[in-house]
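Asker: Following this line is query18.txt, made up of compact mmCIF, C-alpha atoms and all ligand atoms:
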# COMPACT_ATOMS: atom_id res chain seq x y z
CA MET A 1 117.85 -22.30 -109.57
CA ASN A 2 114.63 -21.02 -108.09
CA ALA A 3 111.53 -22.45 -109.88
CA ASN A 4 109.63 -19.15 -109.63
CA LEU A 5 112.46 -17.36 -111.37
CA ARG A 6 112.42 -19.94 -114.18
CA ASP A 7 108.62 -19.67 -114.62
CA GLU A 8 108.73 -15.89 -114.59
CA ALA A 9 111.55 -15.88 -117.16
CA LEU A 10 109.83 -18.35 -119.48
CA SER A 11 106.54 -16.51 -119.49
CA TYR A 12 108.32 -13.17 -120.06
CA PHE A 13 110.40 -14.64 -122.86
CA ALA A 14 107.31 -15.97 -124.65
CA SER A 15 106.05 -12.41 -125.18
CA PHE A 16 109.49 -10.81 -125.69
CA SER A 17 110.60 -13.29 -128.35
CA PRO A 18 107.70 -15.51 -129.44
CA GLY A 19 108.29 -18.70 -131.43
CA HIS A 20 111.81 -19.43 -130.11
CA GLU A 21 110.93 -21.93 -127.38
CA ALA A 22 112.43 -24.84 -129.32
CA ASN A 23 115.83 -23.19 -129.65
CA LEU A 24 116.32 -21.68 -126.25
CA HIS A 25 119.61 -21.79 -124.30
CA ALA A 26 119.58 -21.18 -120.53
CA TYR A 27 122.37 -20.23 -118.12
CA PHE A 28 122.42 -19.38 -114.44
CA SER A 29 125.02 -16.94 -113.17
CA PRO A 30 125.14 -16.32 -109.41
CA GLY A 31 125.81 -13.23 -107.33
CA ARG A 32 128.53 -13.31 -104.71
CA VAL A 33 129.07 -12.27 -101.14
CA ASN A 34 132.52 -11.52 -99.80
CA LEU A 35 132.95 -12.92 -96.30
CA ILE A 36 136.13 -10.99 -95.53
CA GLY A 37 139.02 -9.33 -97.38
CA GLU A 38 137.58 -6.07 -98.66
CA HIS A 39 139.30 -3.71 -101.08
CA LEU A 40 142.22 -6.10 -101.30
CA ASP A 41 141.76 -7.57 -104.77
CA TYR A 42 143.15 -4.53 -106.62
CA ASN A 43 145.96 -4.40 -104.04
CA GLY A 44 147.20 -7.86 -104.98
CA GLY A 45 145.84 -9.46 -101.80
CA TYR A 46 143.74 -12.43 -100.72
CA VAL A 47 139.93 -12.27 -100.59
CA PHE A 48 137.41 -14.77 -99.24
CA PRO A 49 134.15 -14.68 -101.21
CA THR A 50 131.50 -17.27 -102.05
CA ALA A 51 129.05 -17.55 -104.93
CA LEU A 52 125.36 -17.43 -103.96
CA THR A 53 122.29 -19.34 -105.01
CA LEU A 54 120.68 -15.98 -105.83
CA GLY A 55 121.63 -14.76 -109.28
CA THR A 56 120.70 -14.10 -112.89
CA LEU A 57 118.97 -16.53 -115.22
CA LEU A 58 119.73 -15.84 -118.89
CA LEU A 59 117.48 -17.14 -121.65
CA VAL A 60 119.05 -16.76 -125.07
CA ALA A 61 117.61 -17.42 -128.54
CA PRO A 62 120.00 -17.03 -131.49
CA ARG A 63 118.68 -15.01 -134.47
CA ASN A 64 119.51 -15.16 -138.17
CA ASP A 65 120.50 -11.51 -138.43
CA ARG A 66 122.99 -9.23 -136.64
CA ARG A 67 120.53 -7.63 -134.21
CA VAL A 68 120.85 -8.23 -130.46
CA ARG A 69 117.86 -7.48 -128.24
CA PHE A 70 118.06 -7.34 -124.45
CA ALA A 71 115.13 -7.60 -122.07
CA SER A 72 115.04 -7.83 -118.30
CA THR A 73 112.39 -8.80 -115.80
CA THR A 74 113.75 -6.01 -113.54
CA PHE A 75 113.94 -3.08 -115.99
CA ALA A 76 111.02 -2.39 -118.33
CA GLN A 77 112.88 -1.10 -121.37
CA VAL A 78 114.01 -3.40 -124.18
CA HIS A 79 117.38 -2.37 -125.70
CA GLU A 80 118.41 -3.24 -129.22
CA VAL A 81 121.80 -2.95 -130.92
CA SER A 82 123.58 -4.19 -134.04
CA LEU A 83 126.69 -6.35 -133.77
CA ASP A 84 128.24 -3.77 -136.10
CA ASP A 85 127.88 -0.96 -133.57
CA LEU A 86 128.69 -2.13 -130.06
CA SER A 87 129.57 1.11 -128.33
CA TYR A 88 128.95 2.25 -124.75
CA GLN A 89 125.87 4.46 -124.53
CA LYS A 90 124.56 5.84 -121.28
CA ASP A 91 120.91 5.23 -122.20
CA HIS A 92 121.61 1.54 -122.78
CA ASP A 93 121.73 1.36 -119.00
CA TYR A 94 122.33 -2.22 -117.69
CA ALA A 95 122.55 -3.50 -121.32
CA ASN A 96 126.00 -1.90 -121.50
CA TYR A 97 127.32 -4.90 -119.52
CA PRO A 98 126.33 -7.54 -122.08
CA ILE A 99 127.09 -5.16 -124.96
CA GLY A 100 130.63 -4.80 -123.59
CA VAL A 101 130.96 -8.57 -123.43
CA LEU A 102 129.83 -9.00 -127.06
CA ALA A 103 132.33 -6.32 -128.11
CA ALA A 104 135.09 -8.15 -126.22
CA PHE A 105 134.37 -11.41 -128.10
CA GLN A 106 134.38 -9.60 -131.44
CA ASP A 107 137.61 -7.77 -130.56
CA ARG A 108 139.19 -11.20 -130.04
CA GLY A 109 138.14 -12.18 -133.55
CA PHE A 110 135.11 -14.40 -132.80
CA GLU A 111 132.24 -14.34 -135.31
CA LEU A 112 128.89 -13.79 -133.59
CA GLN A 113 125.31 -13.75 -134.77
CA GLY A 114 122.27 -11.88 -133.46
CA MET A 115 120.41 -13.00 -130.32
CA ASP A 116 117.43 -12.24 -128.13
CA ILE A 117 118.58 -12.28 -124.50
CA LEU A 118 116.44 -12.11 -121.38
CA PHE A 119 117.91 -11.48 -117.93
CA ALA A 120 115.76 -12.60 -115.00
CA SER A 121 117.25 -11.97 -111.59
CA ASP A 122 116.45 -12.60 -107.96
CA LEU A 123 119.55 -10.64 -106.97
CA PRO A 124 118.89 -7.09 -105.75
CA ALA A 125 120.47 -4.72 -108.31
CA GLY A 126 123.18 -2.32 -107.14
CA SER A 127 123.34 -3.77 -103.61
CA GLY A 128 126.92 -4.94 -103.48
CA LEU A 129 126.11 -8.57 -104.35
CA SER A 130 127.66 -8.28 -107.81
CA SER A 131 124.60 -8.12 -110.00
CA SER A 132 126.75 -6.58 -112.75
CA ALA A 133 129.46 -9.28 -112.60
CA SER A 134 126.66 -11.85 -112.65
CA ILE A 135 125.34 -10.39 -115.92
CA GLU A 136 128.82 -10.04 -117.45
CA VAL A 137 130.01 -13.56 -116.64
CA GLY A 138 126.60 -15.06 -117.56
CA THR A 139 126.69 -13.35 -120.95
CA ALA A 140 130.28 -14.42 -121.56
CA LEU A 141 129.39 -18.02 -120.73
CA ALA A 142 126.34 -17.94 -123.04
CA VAL A 143 128.25 -16.48 -125.99
CA ASN A 144 131.18 -18.86 -125.45
CA ASP A 145 128.79 -21.83 -125.40
CA ILE A 146 126.44 -20.90 -128.23
CA PHE A 147 129.16 -19.83 -130.68
CA GLN A 148 131.61 -22.53 -129.54
CA CYS A 149 134.45 -20.12 -128.86
CA GLY A 150 136.28 -22.62 -126.68
CA LEU A 151 137.41 -20.25 -123.92
CA ALA A 152 137.92 -21.62 -120.40
CA MET A 153 135.93 -20.13 -117.51
CA ARG A 154 139.06 -18.40 -116.19
CA GLU A 155 139.44 -16.58 -119.49
CA LEU A 156 135.76 -15.56 -119.41
CA VAL A 157 136.23 -14.23 -115.88
CA ILE A 158 139.21 -12.10 -116.92
CA MET A 159 137.36 -10.90 -120.00
CA ALA A 160 134.40 -9.85 -117.83
CA GLN A 161 136.68 -7.85 -115.55
CA GLN A 162 138.23 -6.12 -118.58
CA VAL A 163 134.74 -5.19 -119.78
CA GLU A 164 134.02 -3.58 -116.42
CA ASN A 165 137.37 -1.73 -116.44
CA GLN A 166 137.56 -0.63 -120.05
CA PHE A 167 134.00 -0.55 -121.40
CA ILE A 168 132.07 0.47 -118.26
CA GLY A 169 134.91 2.51 -116.70
CA VAL A 170 134.96 1.07 -113.16
CA SER A 171 138.48 0.10 -112.06
CA CYS A 172 137.32 -2.95 -110.11
CA GLY A 173 139.55 -5.88 -109.20
CA ILE A 174 139.00 -9.52 -110.15
CA MET A 175 137.12 -10.76 -107.06
CA ASP A 176 133.51 -10.44 -108.22
CA GLN A 177 133.88 -11.97 -111.65
CA PHE A 178 136.06 -14.75 -110.27
CA ALA A 179 133.61 -15.66 -107.50
CA VAL A 180 130.68 -15.60 -109.94
CA GLY A 181 132.48 -17.78 -112.48
CA MET A 182 134.45 -20.14 -110.25
CA GLY A 183 132.24 -20.61 -107.17
CA LYS A 184 131.78 -24.06 -105.69
CA LYS A 185 128.61 -25.13 -103.90
CA ASP A 186 128.87 -24.94 -100.08
CA HIS A 187 132.41 -23.58 -100.24
CA ALA A 188 134.09 -20.24 -99.72
CA MET A 189 137.15 -19.53 -101.82
CA LEU A 190 140.39 -18.06 -100.64
CA LEU A 191 141.62 -16.32 -103.75
CA ASP A 192 145.07 -14.87 -104.29
CA CYS A 193 144.20 -11.96 -106.55
CA GLU A 194 147.74 -11.63 -107.83
CA THR A 195 148.19 -15.17 -109.14
CA LEU A 196 144.52 -16.30 -109.21
CA ALA A 197 145.49 -19.38 -107.20
CA VAL A 198 142.42 -20.48 -105.27
CA SER A 199 141.67 -22.89 -102.45
CA TYR A 200 138.12 -23.94 -101.59
CA HIS A 201 136.99 -24.20 -97.97
CA PRO A 202 133.85 -26.15 -97.06
CA LEU A 203 131.21 -24.20 -95.14
CA THR A 204 128.69 -26.74 -94.05
CA ASP A 205 128.53 -26.18 -90.32
CA PRO A 206 125.09 -27.35 -89.17
CA ASP A 207 124.86 -24.58 -86.55
CA TYR A 208 125.94 -21.38 -88.28
CA VAL A 209 124.75 -19.58 -91.41
CA PHE A 210 125.64 -16.36 -93.17
CA VAL A 211 122.73 -13.93 -93.35
CA ILE A 212 122.77 -11.10 -95.86
CA ALA A 213 120.97 -7.87 -94.99
CA ASN A 214 120.37 -5.02 -97.39
CA THR A 215 120.50 -1.41 -96.14
CA ASN A 216 118.18 -0.40 -98.98
CA TYR A 217 120.19 2.79 -98.90
CA PRO A 218 120.82 4.16 -102.39
CA ARG A 219 124.53 4.00 -103.22
CA LYS A 220 125.78 7.48 -104.04
CA LEU A 221 128.99 8.37 -105.85
CA SER A 222 130.07 4.79 -105.34
CA GLU A 223 131.98 4.54 -108.62
CA SER A 224 133.95 7.75 -108.21
CA LYS A 225 134.71 7.04 -104.53
CA TYR A 226 135.78 3.50 -105.46
CA ASN A 227 138.19 4.79 -108.08
CA GLU A 228 139.46 7.37 -105.57
CA ARG A 229 140.29 4.63 -103.02
CA ARG A 230 142.19 2.75 -105.70
CA GLU A 231 144.25 5.83 -106.50
CA GLU A 232 145.01 6.40 -102.82
CA CYS A 233 146.28 2.82 -102.51
CA ASP A 234 148.39 3.28 -105.63
CA ARG A 235 149.90 6.46 -104.18
CA SER A 236 150.80 4.63 -100.97
CA PHE A 237 152.44 1.82 -102.86
CA ALA A 238 154.43 4.27 -105.00
CA ILE A 239 155.91 5.68 -101.77
CA LEU A 240 156.53 2.30 -100.14
CA ARG A 241 157.67 0.04 -102.96
CA ASP A 242 161.37 0.96 -102.85
CA HIS A 243 161.46 0.24 -99.13
CA PHE A 244 159.84 -3.21 -99.51
CA PRO A 245 161.44 -4.75 -102.60
CA ASP A 246 159.74 -8.13 -102.00
CA ALA A 247 156.28 -6.57 -102.22
CA ARG A 248 154.82 -6.58 -105.72
CA ALA A 249 151.63 -4.92 -104.47
CA LEU A 250 150.45 -3.00 -101.42
CA ALA A 251 148.83 -6.02 -99.75
CA HIS A 252 152.16 -7.89 -99.82
CA ILE A 253 153.69 -5.57 -97.22
CA PRO A 254 153.48 -7.46 -93.92
CA MET A 255 151.44 -6.12 -91.04
CA GLU A 256 154.52 -6.45 -88.80
CA ALA A 257 156.15 -3.63 -90.77
CA TRP A 258 153.40 -1.22 -89.70
CA PRO A 259 155.48 1.21 -87.59
CA GLU A 260 157.92 1.70 -90.46
CA VAL A 261 155.11 2.01 -93.02
CA GLU A 262 153.39 4.63 -90.94
CA SER A 263 156.51 6.76 -90.62
CA LEU A 264 157.23 6.53 -94.35
CA LEU A 265 153.75 7.56 -95.45
CA LYS A 266 153.30 10.71 -93.35
CA ASP A 267 150.02 11.72 -95.07
CA ALA A 268 147.10 11.03 -92.68
CA THR A 269 144.72 9.75 -95.36
CA LEU A 270 147.26 7.40 -96.90
CA ILE A 271 148.14 6.10 -93.43
CA LYS A 272 144.52 5.16 -92.79
CA ARG A 273 143.95 3.52 -96.19
CA THR A 274 147.15 1.51 -95.93
CA ARG A 275 146.49 0.43 -92.35
CA HIS A 276 143.21 -1.07 -93.57
CA VAL A 277 144.91 -2.95 -96.40
CA LEU A 278 147.73 -4.44 -94.31
CA PHE A 279 145.59 -5.49 -91.33
CA GLU A 280 142.65 -6.67 -93.45
CA GLN A 281 145.05 -8.88 -95.34
CA ALA A 282 146.27 -10.48 -92.11
CA ARG A 283 142.66 -10.94 -90.89
CA THR A 284 141.65 -12.58 -94.16
CA LYS A 285 144.42 -15.15 -94.15
CA ALA A 286 143.75 -15.91 -90.47
CA SER A 287 140.01 -16.27 -91.15
CA ALA A 288 140.55 -19.15 -93.54
CA THR A 289 142.42 -21.03 -90.81
CA TYR A 290 139.69 -20.23 -88.26
CA LEU A 291 137.10 -21.78 -90.56
CA GLN A 292 139.25 -24.81 -91.13
CA ALA A 293 139.53 -25.27 -87.37
CA GLY A 294 135.76 -24.71 -86.95
CA ASP A 295 136.48 -21.62 -84.81
CA TYR A 296 133.43 -19.56 -85.76
CA ARG A 297 133.84 -17.24 -82.81
CA ALA A 298 137.26 -16.08 -84.04
CA PHE A 299 135.90 -15.76 -87.57
CA GLY A 300 133.07 -13.54 -86.27
CA GLU A 301 135.53 -11.33 -84.39
CA ALA A 302 137.58 -10.90 -87.55
CA MET A 303 134.40 -9.84 -89.38
CA ASN A 304 133.67 -7.20 -86.73
CA ALA A 305 137.23 -5.90 -86.89
CA SER A 306 137.01 -5.78 -90.68
CA HIS A 307 133.89 -3.62 -90.52
CA ARG A 308 135.48 -1.20 -88.04
CA SER A 309 138.52 -0.86 -90.29
CA LEU A 310 136.34 -0.18 -93.34
CA GLN A 311 134.43 2.36 -91.28
CA ASP A 312 137.30 4.25 -89.60
CA ASP A 313 140.27 3.75 -91.90
CA PHE A 314 139.04 2.98 -95.40
CA GLU A 315 135.93 5.16 -94.89
CA VAL A 316 133.60 3.33 -97.25
CA THR A 317 130.69 2.49 -94.96
CA GLY A 318 128.35 5.40 -94.12
CA TYR A 319 125.62 5.64 -91.50
CA ALA A 320 123.28 3.03 -92.99
CA LEU A 321 125.88 0.24 -93.19
CA ASP A 322 127.24 1.17 -89.77
CA ALA A 323 123.77 1.11 -88.21
CA LEU A 324 123.00 -2.26 -89.80
CA ALA A 325 126.29 -3.87 -88.72
CA GLU A 326 126.02 -2.43 -85.24
CA SER A 327 122.40 -3.62 -84.86
CA ALA A 328 123.48 -7.10 -85.91
CA SER A 329 126.39 -7.31 -83.51
CA LEU A 330 124.08 -6.64 -80.56
CA VAL A 331 121.91 -9.69 -81.25
CA GLU A 332 122.57 -12.84 -79.25
CA GLY A 333 123.69 -15.64 -81.54
CA CYS A 334 125.34 -13.27 -84.04
CA LEU A 335 129.10 -13.86 -83.95
CA GLY A 336 130.10 -11.13 -86.38
CA SER A 337 128.83 -8.69 -88.96
CA ARG A 338 130.39 -6.52 -91.64
CA MET A 339 129.69 -4.64 -94.84
CA THR A 340 130.37 -6.63 -97.99
CA GLY A 341 131.49 -5.44 -101.43
CA ALA A 342 132.55 -1.93 -102.34
CA GLY A 343 130.55 -0.20 -99.58
CA PHE A 344 128.83 3.22 -99.70
CA GLY A 345 125.49 1.44 -99.17
CA GLY A 346 124.56 -2.09 -100.18
CA CYS A 347 124.61 -5.10 -97.90
CA THR A 348 126.09 -6.55 -94.74
CA VAL A 349 126.88 -10.20 -94.11
CA SER A 350 126.53 -11.66 -90.62
CA LEU A 351 127.44 -14.99 -89.08
CA VAL A 352 124.40 -16.15 -87.13
CA HIS A 353 123.40 -19.25 -85.19
CA LYS A 354 120.78 -21.12 -87.22
CA GLN A 355 118.26 -21.18 -84.40
CA LYS A 356 118.56 -17.43 -83.93
CA VAL A 357 117.97 -16.33 -87.51
CA ALA A 358 114.31 -15.37 -87.00
CA ASP A 359 115.15 -13.34 -83.87
CA PHE A 360 118.09 -11.81 -85.67
CA GLU A 361 115.96 -10.54 -88.54
CA ARG A 362 113.26 -9.16 -86.26
CA LEU A 363 115.63 -7.39 -83.84
CA VAL A 364 117.97 -6.04 -86.49
CA ALA A 365 115.08 -4.75 -88.62
CA LYS A 366 113.61 -2.93 -85.62
CA ARG A 367 116.83 -1.38 -84.38
CA TYR A 368 117.97 -0.40 -87.88
CA GLN A 369 114.64 1.29 -88.54
CA ASP A 370 114.84 3.17 -85.22
CA LEU A 371 118.34 4.39 -86.05
CA THR A 372 117.89 5.31 -89.70
CA GLY A 373 114.19 5.35 -90.60
CA LEU A 374 114.99 2.81 -93.34
CA SER A 375 113.74 -0.75 -93.59
CA ALA A 376 116.25 -3.53 -94.20
CA SER A 377 115.64 -6.67 -96.29
CA PHE A 378 117.13 -10.05 -95.51
CA TYR A 379 118.17 -12.83 -97.88
CA LEU A 380 118.19 -16.45 -96.96
CA THR A 381 120.59 -17.72 -99.52
CA SER A 382 123.00 -20.62 -99.69
CA LEU A 383 126.47 -20.86 -101.12
CA GLY A 384 126.04 -21.77 -104.75
CA GLN A 385 127.90 -23.00 -107.79
CA GLY A 386 129.64 -20.73 -110.32
CA ALA A 387 127.94 -19.77 -113.61
CA LYS A 388 126.73 -22.75 -115.64
CA ARG A 389 124.45 -23.88 -118.41
CA VAL A 390 121.09 -25.13 -117.07
CA GLU A 391 118.28 -27.28 -118.41
CA LEU A 392 114.85 -25.74 -117.98
C1 LIG B 1 133.66 -4.19 -105.63
C2 LIG B 1 134.67 -4.51 -106.74
C3 LIG B 1 135.62 -5.63 -106.31
C4 LIG B 1 136.25 -5.35 -104.95
C5 LIG B 1 135.18 -4.93 -103.94
C6 LIG B 1 135.78 -4.48 -102.64
O1 LIG B 1 132.80 -5.26 -105.42
O2 LIG B 1 134.00 -4.87 -107.91
O3 LIG B 1 136.60 -5.80 -107.31
O4 LIG B 1 137.26 -4.40 -105.04
O5 LIG B 1 134.36 -3.88 -104.41
O6 LIG B 1 136.39 -5.54 -101.98
Before we go any further, please render this structure as structure tokens.
Answerer:
Amino acid sequence: MNANLRDEALSYFASFSPGHEANLHAYFSPGRVNLIGEHLDYNGGYVFPTALTLGTLLLVAPRNDRRVRFASTTFAQVHEVSLDDLSYQKDHDYANYPIGVLAAFQDRGFELQGMDILFASDLPAGSGLSSSASIEVGTALAVNDIFQCGLAMRELVIMAQQVENQFIGVSCGIMDQFAVGMGKKDHAMLLDCETLAVSYHPLTDPDYVFVIANTNYPRKLSESKYNERREECDRSFAILRDHFPDARALAHIPMEAWPEVESLLKDATLIKRTRHVLFEQARTKASATYLQAGDYRAFGEAMNASHRSLQDDFEVTGYALDALAESASLVEGCLGSRMTGAGFGGCTVSLVHKQKVADFERLVAKRYQDLTGLSASFYLTSLGQGAKRVEL
């Protein structure tokens, strides 16, 4: 955890909740970046994310009453609720995430007490690096630990996804919460989103790094468009399932069956969405073997192909993400670049030679600005550990 983040959090906490220093619990919950395998988790496919060293630090002081107060170093307003009234309210803003988590614990019969909770984050909010999953899983871990609920991390991860689906109303898959909770330092994880079987792949090549770049383009309509893509995939699967009895989800239909799939679907939009899912699934599985073989060039090509598919077929990129990915792919030493996360704005991830990172940032920033008038930000982050309790 970053020492500046810790110092900032401690000094903020001292004024937010004075006198609790002796009884303070601390947890660090990372963000995540998905290297490849986009919009596959809710289609029962494989994804290939990693947890980051950027994330959310939670400082928590238990109280003797049933009030819960939330503060954040990012958002000025303090929110306060009672454990006896944990409902979703629009003006609770980001606090709805932890409120949903508290409600989920109570719904499962756990007895909680009041708390003062501070969230301090070095993760850009709403940029496709899972700041919300970071808050949800971090809160679940804190509550589980402080009130000795005895749930395993996997159960906390699933609970956090249910909060997002049912309390917040976003029909996301399991990838973000899983990566945040189950990440392993210096490893990417190939996750089967149907069974939650996971294999960890070391990423410690001395020559190549993943660079994250933020479009700083405000995400618009991202939740409704996300839910729309999910529905389109469900419609495709409803048409195809009888023809592919071995497939329990859309991503299980093999890429080799494409000509038949195309003729069955007929509808132009469903054809495009499904083509993305089937080919992205094949690329994702292949990418894990490329990494294992140290074939970074092939991995980079798969990243480029993934971006094009998300641009042309799944249609979740937009001009800012396209300009950023295209600017990156023109830089010498960059093997591949793609949008990461849900899309509609947010970040790209690029595979770049270590010695070229400074050039990469300078050239991409310039070209992106020329194309869009926007200025990109870059994050030098490493692959971190999943959410955990920390000593301050
Ligand atoms: C968001 C969702 C994830 C996943 C990605 C797209 O991050 O929360 O569940 O669907 O988009 O891959």
Asker: Between CA of Tyr94 in chain A and CA of Val78 in chain A, measure the distance and give it in Å to one decimal.
Answerer: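 CA of Tyr94 in chain A sits 10.6 Å away from CA of Val78 in chain A.
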Asker: Identify, on the basis of only C-alpha atoms, every residue whose closest approach to Leu52 in chain A does not exceed 6 Å; exclude the query and any residue fewer than 4 positions from it along the same chain; express the result as an MDAnalysis selection string.
Answerer: chainID A and resid 30:32 382:384
Asker: Can you tell me, as a PDB file with C-alpha atoms, keeping the file's coordinate frame, which residues sit within 8 Å of (120.6, -23.1, -112.3) in the file's frame, using all atoms listed in the file?
Answerer:
ATOM      1  CA  MET A   1     117.850 -22.300-109.570  1.00  0.00           C
ATOM      2  CA  ASN A   2     114.630 -21.020-108.090  1.00  0.00           C
ATOM      3  CA  TYR A  27     122.370 -20.230-118.120  1.00  0.00           C
ATOM      4  CA  PHE A  28     122.420 -19.380-114.440  1.00  0.00           C
ATOM      5  CA  SER A  29     125.020 -16.940-113.170  1.00  0.00           C
ATOM      6  CA  LEU A  57     118.970 -16.530-115.220  1.00  0.00           C
ATOM      7  CA  LYS A 388     126.730 -22.750-115.640  1.00  0.00           C
ATOM      8  CA  ARG A 389     124.450 -23.880-118.410  1.00  0.00           C
ATOM      9  CA  VAL A 390     121.090 -25.130-117.070  1.00  0.00           C
ATOM     10  CA  GLU A 391     118.280 -27.280-118.410  1.00  0.00           C
TER      11      GLU A 391
END
Asker: I'd like the interatomic distance between CA of Leu278 in chain A and CA of Ile253 in chain A, to a tenth of an Å.
Answerer: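 Spanning CA of Leu278 in chain A to CA of Ile253 in chain A is a straight-line distance of 6.7 Å.
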Asker: Of the residues A:Pro259, A:Leu392, A:Lys225, A:Pro49, which is the one nearest to Leu24 in chain A, using only C-alpha atoms?
Answerer: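 The closest residue to Leu24 in chain A is A:Leu392.
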Asker: List all protein, DNA and RNA residues that have an atom no more than 7 Å from any atom of ligand LIG 1 (chain B), counting only C-alpha atoms and all ligand atoms, and report them as a short mmCIF file (atom, residue, chain, number, x, y, z; two decimals) with C-alpha atoms, in the coordinates of the input.
Answerer:
data_model
loop_
_atom_site.label_atom_id
_atom_site.label_comp_id
_atom_site.auth_asym_id
_atom_site.auth_seq_id
_atom_site.Cartn_x
_atom_site.Cartn_y
_atom_site.Cartn_z
CA GLY A 37 139.02 -9.33 -97.38
CA GLU A 38 137.58 -6.07 -98.66
CA HIS A 39 139.30 -3.71 -101.08
CA LEU A 40 142.22 -6.10 -101.30
CA ASP A 41 141.76 -7.57 -104.77
CA TYR A 42 143.15 -4.53 -106.62
CA GLY A 128 126.92 -4.94 -103.48
CA SER A 130 127.66 -8.28 -107.81
CA CYS A 172 137.32 -2.95 -110.11
CA GLY A 173 139.55 -5.88 -109.20
CA ILE A 174 139.00 -9.52 -110.15
CA MET A 175 137.12 -10.76 -107.06
CA ASP A 176 133.51 -10.44 -108.22
CA GLY A 341 131.49 -5.44 -101.43
CA ALA A 342 132.55 -1.93 -102.34
#
Asker: Can you measure CA of Ser82 in chain A to CA of Leu59 in chain A for me? One decimal in Å is fine.
Answerer: 18.9 Å
Asker: Can you tell me, as a ChimeraX atom specification, which residues sit within 12 Å of (143.2, -15.1, -88.8) in the file's frame, using only C-alpha atoms?
Answerer: /A:36-37,48,279-293,295-303,305-306
Asker: Kindly indicate which residue among A:Ala133, A:Ala125, A:Cys149, A:Ala387 lies nearest to Gly183 in chain A, using all atoms listed in the file for the distances.
Answerer: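 Closest candidate: A:Ala387.
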Asker: Of the residues A:Ala325, A:Met255, A:Leu156, A:Met115, which is the one nearest to Asn23 in chain A, using all atoms listed in the file?
Answerer: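 The answer is A:Met115, which sits nearest to Asn23 in chain A.
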Asker: For the interface of range 180-280 of chain A with range 311-317 of chain A (cut-off 9 Å, counting only C-alpha atoms), please tabulate each contacting residue of range 180-280 of chain A alongside its nearest pair of atoms and their separation in Å to one decimal, rows sorted by chain and increasing number, as a Markdown table.
Answerer:
| residue | atom | partner | partner_atom | distance |
| --- | --- | --- | --- | --- |
| A:Ser222 | CA | A:Val316 | CA | 8.9 |
| A:Lys225 | CA | A:Val316 | CA | 8.2 |
| A:Tyr226 | CA | A:Val316 | CA | 8.5 |
| A:Arg229 | CA | A:Phe314 | CA | 7.9 |
| A:Thr269 | CA | A:Asp313 | CA | 8.2 |
| A:Ile271 | CA | A:Asp313 | CA | 8.4 |
| A:Lys272 | CA | A:Asp313 | CA | 4.6 |
| A:Arg273 | CA | A:Phe314 | CA | 5.0 |
| A:Thr274 | CA | A:Phe314 | CA | 8.3 |
| A:Arg275 | CA | A:Asp313 | CA | 7.1 |
| A:His276 | CA | A:Asp313 | CA | 5.9 |
| A:Val277 | CA | A:Phe314 | CA | 8.4 |
Asker: Take range 78-91 of chain A from the preceding structure and save C-alpha atoms as a short mmCIF file (atom, residue, chain, number, x, y, z; two decimals), in the first residue's frame.
Answerer:
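Output file decode-v1.cif follows:
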data_model
loop_
_atom_site.label_atom_id
_atom_site.label_comp_id
_atom_site.auth_asym_id
_atom_site.auth_seq_id
_atom_site.Cartn_x
_atom_site.Cartn_y
_atom_site.Cartn_z
CA VAL A 78 -20.22 12.38 4.83
CA HIS A 79 -23.17 9.94 4.66
CA GLU A 80 -24.84 8.52 7.74
CA VAL A 81 -27.36 5.69 8.06
CA SER A 82 -28.85 3.45 10.74
CA LEU A 83 -28.38 -0.31 10.61
CA ASP A 84 -32.17 -0.44 10.95
CA ASP A 85 -32.74 1.35 7.64
CA LEU A 86 -30.32 0.16 4.98
CA SER A 87 -32.14 1.06 1.79
CA TYR A 88 -30.79 2.26 -1.56
CA GLN A 89 -31.05 6.03 -1.86
CA LYS A 90 -29.78 7.94 -4.85
CA ASP A 91 -28.34 10.77 -2.76
#
